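Source file: entry_36.txt. Holds: compact mmCIF, C-alpha atoms and all ligand atoms.
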```txt
# COMPACT_ATOMS: atom_id res chain seq x y z
CA MET A 200 -12.04 19.52 3.66
CA THR A 201 -11.00 17.16 0.91
CA ASN A 202 -7.28 17.32 0.46
CA ALA A 203 -5.94 19.51 3.22
CA HIS A 204 -6.07 18.89 6.93
CA ARG A 205 -5.94 21.10 9.95
CA ARG A 206 -4.00 20.42 13.07
CA GLY A 207 -3.73 23.25 15.54
CA GLY A 208 -5.20 25.68 13.04
CA ALA A 209 -2.55 25.25 10.36
CA VAL A 210 -3.13 23.32 7.16
CA THR A 211 -0.59 20.51 7.14
CA ALA A 212 0.67 17.75 4.98
CA ALA A 213 -0.26 14.20 5.89
CA GLY A 214 0.93 10.68 6.46
CA ARG A 215 -1.39 7.70 6.31
CA PHE A 216 -2.14 4.09 7.04
CA ALA A 217 -3.96 2.30 4.24
CA PRO A 218 -5.11 -1.19 5.22
CA SER A 219 -7.07 -3.59 3.05
CA PRO A 220 -10.17 -4.64 5.00
CA SER A 221 -9.67 -8.34 4.41
CA GLY A 222 -9.58 -9.45 8.04
CA ASP A 223 -8.40 -8.28 11.44
CA LEU A 224 -5.10 -6.42 11.58
CA HIS A 225 -2.34 -8.50 13.16
CA LEU A 226 0.53 -7.24 15.29
CA GLY A 227 2.67 -6.56 12.24
CA ASN A 228 -0.05 -4.43 10.62
CA LEU A 229 -0.66 -2.63 13.91
CA ARG A 230 3.05 -1.99 14.29
CA THR A 231 3.19 -0.44 10.80
CA ALA A 232 0.17 1.71 11.73
CA VAL A 233 1.92 2.87 14.92
CA LEU A 234 5.00 3.75 12.89
CA ALA A 235 2.94 5.63 10.29
CA TRP A 236 1.27 7.57 13.11
CA LEU A 237 4.64 8.33 14.75
CA PHE A 238 6.35 9.46 11.56
CA ALA A 239 3.38 11.73 10.83
CA ARG A 240 3.18 13.16 14.36
CA GLN A 241 6.88 13.76 14.68
CA SER A 242 7.03 15.59 11.35
CA ASP A 243 3.95 17.66 12.23
CA ARG A 244 1.81 15.99 9.62
CA ALA A 245 -1.80 14.97 9.94
CA PHE A 246 -2.43 11.21 10.20
CA LEU A 247 -5.04 9.78 7.86
CA ILE A 248 -6.55 6.36 7.30
CA ARG A 249 -7.66 5.00 3.94
CA MET A 250 -9.60 1.79 3.44
CA GLU A 251 -8.28 0.01 0.37
CA ASP A 252 -11.41 -1.96 -0.31
CA LEU A 253 -11.24 -2.45 -4.07
CA ASP A 254 -10.29 -6.07 -3.54
CA ARG A 255 -10.31 -8.78 -0.88
CA VAL A 256 -13.02 -7.29 1.33
CA ARG A 257 -14.44 -9.14 4.30
CA GLU A 258 -17.76 -7.97 5.66
CA GLY A 259 -17.36 -5.88 8.83
CA SER A 260 -13.58 -5.88 8.61
CA ALA A 261 -13.17 -2.13 7.97
CA GLU A 262 -15.16 -1.30 11.12
CA ARG A 263 -13.17 -3.78 13.18
CA GLN A 264 -9.86 -2.45 11.88
CA LEU A 265 -10.84 1.14 12.69
CA ALA A 266 -11.96 0.12 16.19
CA ASP A 267 -8.65 -1.68 16.78
CA LEU A 268 -6.64 1.31 15.59
CA ALA A 269 -8.70 3.60 17.85
CA ALA A 270 -8.15 1.24 20.81
CA LEU A 271 -4.41 1.78 20.36
CA GLY A 272 -4.91 5.57 20.17
CA LEU A 273 -4.47 5.82 16.41
CA ASP A 274 -7.31 8.17 15.56
CA PRO A 275 -7.23 9.81 12.16
CA ASP A 276 -7.14 13.59 11.79
CA GLY A 277 -9.71 13.58 9.01
CA PRO A 278 -12.44 11.44 7.49
CA VAL A 279 -11.54 7.88 6.50
CA LEU A 280 -11.35 7.66 2.73
CA THR A 281 -12.83 4.51 1.20
CA GLN A 282 -11.52 3.53 -2.20
CA SER A 283 -14.78 2.00 -3.41
CA SER A 284 -16.26 5.53 -3.32
CA ARG A 285 -13.55 6.84 -5.62
CA ARG A 286 -14.20 5.06 -8.90
CA ASP A 287 -14.78 8.35 -10.77
CA ALA A 288 -11.39 9.66 -9.68
CA TYR A 289 -9.65 6.53 -10.99
CA ASP A 290 -11.59 6.73 -14.26
CA ASP A 291 -10.53 10.39 -14.61
CA ALA A 292 -6.89 9.49 -14.07
CA ILE A 293 -7.11 6.74 -16.69
CA ALA A 294 -8.77 9.20 -19.07
CA THR A 295 -5.90 11.66 -18.52
CA LEU A 296 -3.38 8.95 -19.35
CA GLN A 297 -5.45 7.83 -22.35
CA ALA A 298 -5.49 11.39 -23.71
CA ALA A 299 -1.70 11.38 -23.45
CA GLY A 300 -1.49 8.12 -25.47
CA ARG A 301 -0.31 6.25 -22.40
CA VAL A 302 -2.87 3.44 -22.20
CA TYR A 303 -3.29 0.22 -24.13
CA GLU A 304 -5.49 -2.85 -23.90
CA CYS A 305 -3.86 -6.07 -22.74
CA PHE A 306 -5.50 -9.41 -23.43
CA CYS A 307 -2.86 -11.60 -21.82
CA THR A 308 -3.88 -14.25 -19.36
CA ARG A 309 -2.04 -14.55 -16.07
CA ARG A 310 -0.39 -17.70 -17.39
CA GLU A 311 0.85 -16.02 -20.57
CA ILE A 312 2.34 -13.20 -18.52
CA GLN A 313 4.08 -15.61 -16.18
CA GLN A 314 5.55 -17.56 -19.06
CA ALA A 315 6.78 -14.45 -20.87
CA ALA A 316 8.10 -12.84 -17.70
CA SER A 317 10.22 -15.86 -16.92
CA ALA A 318 12.05 -15.54 -20.25
CA PRO A 319 15.83 -15.16 -19.77
CA HIS A 320 16.09 -11.43 -20.41
CA ALA A 321 12.87 -10.18 -18.84
CA PRO A 322 13.46 -7.84 -15.89
CA GLN A 323 12.16 -9.55 -12.77
CA GLY A 324 8.42 -9.25 -12.36
CA ALA A 325 8.04 -6.97 -15.37
CA TYR A 326 5.25 -7.28 -17.92
CA PRO A 327 7.04 -8.05 -21.19
CA GLY A 328 4.87 -5.76 -23.35
CA THR A 329 3.18 -8.55 -25.34
CA CYS A 330 0.07 -6.48 -26.16
CA ARG A 331 1.80 -3.10 -26.45
CA ASN A 332 1.76 -2.91 -30.21
CA LEU A 333 -1.20 -5.03 -31.27
CA THR A 334 -2.86 -4.00 -34.50
CA ASP A 335 -6.58 -3.24 -34.58
CA THR A 336 -7.12 -6.59 -36.26
CA GLU A 337 -5.22 -8.46 -33.57
CA ARG A 338 -7.22 -6.71 -30.86
CA ASP A 339 -10.49 -7.57 -32.61
CA GLU A 340 -9.43 -11.21 -32.89
CA ARG A 341 -8.81 -11.39 -29.16
CA ARG A 342 -12.10 -9.72 -28.36
CA ARG A 343 -13.93 -12.12 -30.64
CA ALA A 344 -12.25 -14.98 -28.81
CA GLY A 345 -14.07 -13.74 -25.72
CA ARG A 346 -11.09 -12.16 -23.97
CA ARG A 347 -11.70 -9.07 -21.92
CA PRO A 348 -8.86 -6.56 -21.84
CA ALA A 349 -7.09 -5.06 -18.89
CA LEU A 350 -5.73 -1.54 -19.37
CA ARG A 351 -2.00 -1.06 -19.08
CA LEU A 352 0.27 1.94 -18.89
CA ARG A 353 2.57 2.56 -21.82
CA ALA A 354 5.70 3.27 -19.77
CA ASP A 355 8.71 4.85 -21.43
CA VAL A 356 11.24 3.89 -18.78
CA THR A 357 12.22 0.50 -17.39
CA THR A 358 13.55 1.61 -14.02
CA ARG A 359 13.13 4.53 -11.69
CA ALA A 360 14.95 5.63 -8.55
CA VAL A 361 13.13 6.66 -5.40
CA HIS A 362 14.48 7.80 -2.07
CA ASP A 363 13.46 6.05 1.11
CA VAL A 364 14.04 7.69 4.48
CA LEU A 365 15.22 4.43 6.10
CA LEU A 366 16.64 2.53 3.13
CA GLY A 367 18.23 5.31 1.10
CA ASP A 368 18.13 5.37 -2.69
CA HIS A 369 16.34 2.48 -4.33
CA THR A 370 16.16 1.82 -8.05
CA GLY A 371 13.48 -0.59 -9.14
CA VAL A 372 11.58 -1.89 -12.12
CA VAL A 373 8.93 0.16 -13.87
CA ASP A 374 6.94 -1.77 -16.44
CA ASP A 375 3.68 -1.39 -18.33
CA LEU A 376 1.73 -1.78 -15.11
CA VAL A 377 -1.97 -2.57 -14.99
CA LEU A 378 -4.24 0.45 -14.53
CA ARG A 379 -7.59 -1.35 -14.71
CA ARG A 380 -7.89 -5.07 -14.29
CA THR A 381 -9.73 -7.41 -16.63
CA ASP A 382 -12.65 -7.44 -14.19
CA GLY A 383 -12.89 -3.63 -14.40
CA VAL A 384 -11.44 -3.00 -10.94
CA PRO A 385 -8.92 -0.14 -10.79
CA ALA A 386 -5.44 -1.46 -10.02
CA TYR A 387 -3.75 -0.97 -6.66
CA ASN A 388 -0.88 1.14 -8.04
CA LEU A 389 -3.24 3.58 -9.74
CA ALA A 390 -5.60 3.93 -6.79
CA VAL A 391 -2.78 4.51 -4.30
CA VAL A 392 -1.22 7.26 -6.40
CA VAL A 393 -4.50 9.03 -7.09
CA ASP A 394 -5.65 8.81 -3.48
CA ASP A 395 -2.40 9.81 -1.81
CA ALA A 396 -2.41 13.00 -3.87
CA PHE A 397 -6.12 13.61 -3.25
CA GLN A 398 -5.67 13.24 0.51
CA GLY A 399 -2.62 15.51 0.60
CA VAL A 400 -0.48 12.56 1.68
CA ASP A 401 3.17 13.48 1.21
CA GLN A 402 4.62 10.78 3.46
CA VAL A 403 4.01 7.09 2.81
CA VAL A 404 4.98 4.77 5.67
CA ARG A 405 4.28 1.08 4.93
CA GLY A 406 5.76 -2.40 5.04
CA ASP A 407 8.94 -2.95 3.05
CA ASP A 408 7.19 -5.64 1.00
CA LEU A 409 5.85 -2.66 -0.97
CA LEU A 410 9.24 -1.07 -1.63
CA SER A 411 9.28 -2.63 -5.10
CA SER A 412 5.99 -0.87 -5.93
CA SER A 413 7.32 2.58 -5.16
CA PRO A 414 9.28 3.15 -8.42
CA ARG A 415 6.13 2.30 -10.40
CA GLN A 416 4.00 4.57 -8.21
CA ALA A 417 6.49 7.47 -8.34
CA TYR A 418 6.64 7.18 -12.12
CA LEU A 419 2.86 7.10 -12.42
CA ALA A 420 2.52 10.11 -10.12
CA GLY A 421 4.87 12.05 -12.39
CA LEU A 422 2.81 11.18 -15.49
CA LEU A 423 -0.34 12.38 -13.75
CA GLY A 424 1.32 15.62 -12.65
CA LEU A 425 1.06 14.58 -8.99
CA PRO A 426 3.75 15.02 -6.35
CA VAL A 427 5.86 12.03 -5.29
CA PRO A 428 5.56 11.46 -1.53
CA GLU A 429 8.38 10.80 0.90
CA TYR A 430 8.73 7.03 1.30
CA VAL A 431 9.44 5.20 4.56
CA HIS A 432 9.40 1.42 4.16
CA VAL A 433 9.53 -0.32 7.50
CA PRO A 434 10.63 -3.91 8.23
CA LEU A 435 7.89 -6.51 8.28
CA ALA A 436 6.80 -8.69 11.16
CA LEU A 437 7.58 -12.36 10.73
CA GLY A 438 6.19 -15.43 12.43
CA PRO A 439 8.20 -18.19 14.10
CA THR A 440 8.98 -19.95 10.82
CA GLY A 441 10.42 -16.80 9.28
CA ALA A 442 7.45 -16.40 6.93
CA ARG A 443 5.38 -13.25 7.05
CA LEU A 444 3.31 -13.08 10.24
CA ALA A 445 -0.14 -14.59 9.77
CA LYS A 446 -3.20 -15.60 11.73
CA ARG A 447 -1.99 -19.19 11.97
CA ASP A 448 0.90 -17.98 14.15
CA GLY A 449 -1.32 -17.86 17.23
CA ALA A 450 -2.96 -14.98 19.05
CA VAL A 451 -1.66 -12.20 16.84
CA THR A 452 -4.59 -9.80 16.57
CA LEU A 453 -5.58 -7.23 19.16
CA ARG A 454 -8.86 -9.07 19.78
CA ASP A 455 -7.03 -12.35 20.31
CA ARG A 456 -4.88 -10.63 22.90
CA LEU A 457 -7.81 -8.95 24.63
CA ASP A 458 -9.58 -12.31 24.76
CA ALA A 459 -6.48 -13.75 26.39
CA GLY A 460 -6.71 -11.14 29.16
CA GLU A 461 -4.20 -8.58 27.93
CA SER A 462 -5.06 -4.88 27.64
CA ALA A 463 -4.64 -2.61 24.61
CA ASP A 464 -1.76 -0.95 26.51
CA ASP A 465 -0.05 -4.34 26.92
CA VAL A 466 -0.21 -4.83 23.18
CA LEU A 467 1.02 -1.31 22.56
CA ALA A 468 3.90 -1.95 24.98
CA GLU A 469 4.88 -5.04 22.98
CA ILE A 470 4.82 -3.05 19.75
CA ALA A 471 6.76 -0.22 21.43
CA ALA A 472 9.48 -2.65 22.54
CA SER A 473 9.67 -4.03 19.00
CA ILE A 474 10.35 -0.57 17.55
CA GLY A 475 13.09 0.20 20.03
CA ALA A 476 11.14 1.95 22.79
CA PRO A 477 10.64 -0.56 25.61
CA GLY A 478 8.67 0.81 28.54
CA CYS A 479 6.29 2.94 26.45
CA ARG A 480 2.68 1.87 26.99
CA THR A 481 0.74 4.44 24.95
CA VAL A 482 1.20 6.19 21.63
CA GLY A 483 1.49 9.40 23.69
CA ASP A 484 4.59 7.96 25.43
CA LEU A 485 5.97 6.93 22.08
CA ALA A 486 5.38 10.36 20.54
CA VAL A 487 7.66 11.79 23.22
CA ARG A 488 10.28 9.04 23.49
CA TRP A 489 10.58 7.27 20.17
CA ARG A 490 12.97 8.33 17.43
CA PRO A 491 13.37 6.79 13.95
CA ASP A 492 16.95 5.75 14.68
CA LEU A 493 15.66 3.43 17.43
CA LEU A 494 13.79 1.29 14.89
CA PRO A 495 15.57 -2.04 14.32
CA ARG A 496 16.30 -2.51 10.63
CA GLU A 497 15.75 -6.25 10.72
CA PRO A 498 12.34 -7.92 10.47
CA TRP A 499 10.55 -8.32 13.78
CA TYR A 500 9.91 -11.86 14.93
CA ALA A 501 6.56 -11.41 16.60
CA VAL A 502 5.74 -13.82 19.39
CA GLY A 503 2.35 -15.43 18.93
CA ARG A 504 0.48 -16.69 21.93
CA ASP A 505 -1.31 -19.99 22.06
CA THR A 506 -4.92 -19.52 21.12
N1 LIG B 601 -3.51 -1.66 1.17
C1 LIG B 601 -2.15 -2.11 1.12
C2 LIG B 601 -1.98 -3.28 2.07
O1 LIG B 601 -2.74 -3.42 3.00
C3 LIG B 601 -1.15 -1.04 1.50
C4 LIG B 601 -1.01 -0.01 0.47
C5 LIG B 601 0.01 1.07 0.76
O2 LIG B 601 0.33 1.32 1.93
O3 LIG B 601 0.47 1.68 -0.21
O4 LIG B 601 -1.06 -4.05 1.88
```
Translate the structure of the given file into structure tokens.
Amino acid sequence: MTNAHRRGGAVTAAGRFAPSPSGDLHLGNLRTAVLAWLFARQSDRAFLIRMEDLDRVREGSAERQLADLAALGLDPDGPVLTQSSRRDAYDDAIATLQAAGRVYECFCTRREIQQAASAPHAPQGAYPGTCRNLTDTERDERRRAGRRPALRLRADVTTRAVHDVLLGDHTGVVDDLVLRRTDGVPAYNLAVVVDDAFQGVDQVVRGDDLLSSSPRQAYLAGLLGLPVPEYVHVPLALGPTGARLAKRDGAVTLRDRLDAGESADDVLAEIAASIGAPGCRTVGDLAVRWRPDLLPREPWYAVGRDT
């Protein structure tokens, strides 16, 4: 099956966890995965995993991440989708947008974008549209100067509202987002939208650092004639300094904890307590006892252990 999943005989919708295989998952990532699994289970959706390996790949990391998720009981209900096998699908989506006059070449360097985006009236983080209306001659000049273009979306809105199950209505910036990077790699926003639809994902549970991407993704889905999923952005895990949890914060991966003599259930129990369900030691316990209103709305200060 490609984009429908069976649980108990019925074809269901799906939720997902979509890690980038750039290293071992830490407690914050694992907590988001547990939450994605729980939201899917409790809404009778299938739970899927997608490896977002278009960028930042570390050898062997995907296998280790899947093993860690399985050790916590987070087995997917269908095959793991790997983005590097989906280049044709991203090309097709870009071709669809091109046919609708929605794509243009952008020759800006990162530096030029940063400078323009910090201009007084630029919406925060938005591409200012520098290359939107280049003439053929101007494009040729840039090519001759050795610049390789990225492809950008010609957006006709500047904001878009989305609804988030935990956070309510959120209106955020939509700009001429990158569809294909200068190095030819399909952009994150495009790949996510294309793949969520392909996998039948209609519930996106992820860290709230990605909330600001959801208006862009919802807008892009609409242009491609794809459904907009339900969004659930969950609070991030932070380290002791208040910065996003990271490896330097101590023993924060499952393997670190196993090496220190803890069991996978101990780690699950710590995650369970952090989402408002102390005493649960397995995802099975959580499926029965956890409810979304138990989830603290503040970031979680994860406790690292000395390595
Ligand atoms: N691959 C992204 C990450 O690991 C998550 C993408 C998503 O959930 O939409 O940050």
Exercise. Using only C-alpha atoms and all ligand atoms, find the one residue out of A:Ile470, A:Val393, A:Cys330, A:Val404 that sits nearest to ligand LIG 601 (chain B).
Key: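 Among A:Ile470, A:Val393, A:Cys330, A:Val404, it is A:Val404 that comes nearest to ligand LIG 601 (chain B).
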Can you report as lines of an AutoDock Vina configuration file the centre and edge lengths in Å, to one decimal, of an axis-aligned box around the listed atoms of ligand LIG 601 (chain B) padded with 8 Å on each side?
```
center_x = -1.5
center_y = -1.2
center_z = 1.4
size_x = 20.0
size_y = 21.7
size_z = 19.2
```
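Among the candidates A:Asp375, A:Glu469, A:Asp464, A:Asp395, the residue lying nearest to ligand LIG 601 (chain B) is A:Asp395 (atoms considered: only C-alpha atoms and all ligand atoms).
The residue set within 12 Å of Lys446 in chain A, counting all atoms listed in the file and dropping same-chain residues fewer than 3 places from it, reads Gly222, Asp223, Leu224, His225, Leu226, Gly227, Asn228, Leu437, Gly438, Pro439, Ala442, Arg443, Gly449, Ala450, Val451, Thr452, Leu453, Arg454, Asp455, Ala501, Val502, Gly503, Arg504, Asp505 and Thr506 of chain A.
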Quiz prompt | Selection: 9 Å around Leu389 in chain A, only C-alpha atoms, excl. self and same-chain fewer than 3 positions, as a PyMOL selection string | solution = chain A and resi 289+292-293+377-379+385-386+392-394+416+419-420
Please, could you write that set of residues out with C-alpha atoms as an mmCIF file, keeping the file's coordinate frame?
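Printed below is result38.cif as written:
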```
data_model
loop_
_atom_site.group_PDB
_atom_site.id
_atom_site.type_symbol
_atom_site.label_atom_id
_atom_site.label_comp_id
_atom_site.auth_asym_id
_atom_site.auth_seq_id
_atom_site.Cartn_x
_atom_site.Cartn_y
_atom_site.Cartn_z
ATOM 1 C CA TYR A 289 -9.650 6.530 -10.990
ATOM 2 C CA ALA A 292 -6.890 9.490 -14.070
ATOM 3 C CA ILE A 293 -7.110 6.740 -16.690
ATOM 4 C CA VAL A 377 -1.970 -2.570 -14.990
ATOM 5 C CA LEU A 378 -4.240 0.450 -14.530
ATOM 6 C CA ARG A 379 -7.590 -1.350 -14.710
ATOM 7 C CA PRO A 385 -8.920 -0.140 -10.790
ATOM 8 C CA ALA A 386 -5.440 -1.460 -10.020
ATOM 9 C CA VAL A 392 -1.220 7.260 -6.400
ATOM 10 C CA VAL A 393 -4.500 9.030 -7.090
ATOM 11 C CA ASP A 394 -5.650 8.810 -3.480
ATOM 12 C CA GLN A 416 4.000 4.570 -8.210
ATOM 13 C CA LEU A 419 2.860 7.100 -12.420
ATOM 14 C CA ALA A 420 2.520 10.110 -10.120
#
```
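When all atoms listed in the file are used to compute distances to ligand LIG 601 (chain B), the closest of the residues A:Gln241, A:Asn332, A:Ser462, A:Ser412 turns out to be A:Ser412.
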Quiz item: When the cut-off is 8 Å and you count all atoms listed in the file, which residues lie near ligand LIG 601 (chain B), shown as a PyMOL selection string?
Solution: chain A and resi 215-220+250-251+387-388+391+403-406+409
Quiz item: Could you state the separation of CA of Glu429 in chain A and CA of Val364 in chain A in Å, given to one decimal place?
Solution: 7.4 Å
Exercise. Determine, counting only C-alpha atoms, which protein, DNA and RNA residues have an atom within 8 Å of an atom of Pro278 in chain A; residues of the same chain fewer than 2 positions away are not included. Present the result as a list in words.
Key: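 The residues satisfying every condition are Leu247, Ile248, Pro275, Asp276 and Leu280 of chain A.
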Quiz prompt | Between CA of Ser413 in chain A and CA of Glu311 in chain A, distance in Å (one decimal) | solution =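 So the answer is 25.0 Å.
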Quiz item: List as a PyMOL selection string: which residues have an atom within 6 Å of (13.9, 6.3, -8.0), counting all atoms listed in the file?
Solution: chain A and resi 359-361+369-370+414
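Atom pair CA of Tyr500 in chain A / CA of Gly460 in chain A: separated by 21.9 Å.
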Quiz item: Contacts of Ala463 in chain A at 10 Å or less, counting all atoms listed in the file, minus same-chain residues fewer than 6 places along, as JSON, numbers by chain?
Solution: {"A": [267, 270, 271, 272, 453, 454, 456, 457, 469, 480, 481]}
Those selected residues, please, written with C-alpha atoms and delivered as an mmCIF file, in the frame of the given file.
```cif
data_model
loop_
_atom_site.group_PDB
_atom_site.id
_atom_site.type_symbol
_atom_site.label_atom_id
_atom_site.label_comp_id
_atom_site.auth_asym_id
_atom_site.auth_seq_id
_atom_site.Cartn_x
_atom_site.Cartn_y
_atom_site.Cartn_z
ATOM 1 C CA ASP A 267 -8.650 -1.680 16.780
ATOM 2 C CA ALA A 270 -8.150 1.240 20.810
ATOM 3 C CA LEU A 271 -4.410 1.780 20.360
ATOM 4 C CA GLY A 272 -4.910 5.570 20.170
ATOM 5 C CA LEU A 453 -5.580 -7.230 19.160
ATOM 6 C CA ARG A 454 -8.860 -9.070 19.780
ATOM 7 C CA ARG A 456 -4.880 -10.630 22.900
ATOM 8 C CA LEU A 457 -7.810 -8.950 24.630
ATOM 9 C CA GLU A 469 4.880 -5.040 22.980
ATOM 10 C CA ARG A 480 2.680 1.870 26.990
ATOM 11 C CA THR A 481 0.740 4.440 24.950
#
```
Set the distance at 12 Å and use all atoms listed in the file: which residues neighbour Leu422 in chain A once local chain neighbours fewer than 6 positions away are removed? I'd like the list as a CSV table (one decimal) with C-alpha atoms, keeping the file's coordinate frame.
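Writing done, so here's part.csv:
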```csv
chain,number,residue,atom,x,y,z
A,292,ALA,CA,-6.9,9.5,-14.1
A,293,ILE,CA,-7.1,6.7,-16.7
A,295,THR,CA,-5.9,11.7,-18.5
A,296,LEU,CA,-3.4,9.0,-19.4
A,297,GLN,CA,-5.4,7.8,-22.4
A,298,ALA,CA,-5.5,11.4,-23.7
A,299,ALA,CA,-1.7,11.4,-23.4
A,300,GLY,CA,-1.5,8.1,-25.5
A,301,ARG,CA,-0.3,6.2,-22.4
A,302,VAL,CA,-2.9,3.4,-22.2
A,352,LEU,CA,0.3,1.9,-18.9
A,353,ARG,CA,2.6,2.6,-21.8
A,354,ALA,CA,5.7,3.3,-19.8
A,355,ASP,CA,8.7,4.8,-21.4
A,356,VAL,CA,11.2,3.9,-18.8
A,389,LEU,CA,-3.2,3.6,-9.7
A,392,VAL,CA,-1.2,7.3,-6.4
A,393,VAL,CA,-4.5,9.0,-7.1
A,415,ARG,CA,6.1,2.3,-10.4
A,416,GLN,CA,4.0,4.6,-8.2
```
Quiz prompt | Of the listed residues A:Val256, A:Val482, A:Leu467, A:Val487, that which approaches Trp236 in chain A most closely, counting only C-alpha atoms | solution = A:Val482
Practice problem: Counting all atoms listed in the file, note down every residue that has an atom within 12 Å of the point (13.5, -9.1, -15.0) (file coordinates), as JSON, numbers by chain. | Solution: {"A": [313, 315, 316, 317, 318, 319, 320, 321, 322, 323, 324, 325, 326, 327, 357, 358, 371, 372, 373, 374]}
Quiz prompt | Option closest in space to Asp290 in chain A, from A:Cys307, A:Leu350, A:Ala344, A:Val233 [counting all atoms listed in the file] | solution =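 The closest residue to Asp290 in chain A is A:Leu350.
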Practice problem: Choose the residue, out of A:Ala468, A:Leu376, A:Leu333, A:Val433, that has the smallest atom-to-atom separation from Leu234 in chain A; count all atoms listed in the file. | Solution: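 Going through A:Ala468, A:Leu376, A:Leu333, A:Val433 one by one, the smallest distance to Leu234 in chain A is for A:Val433.
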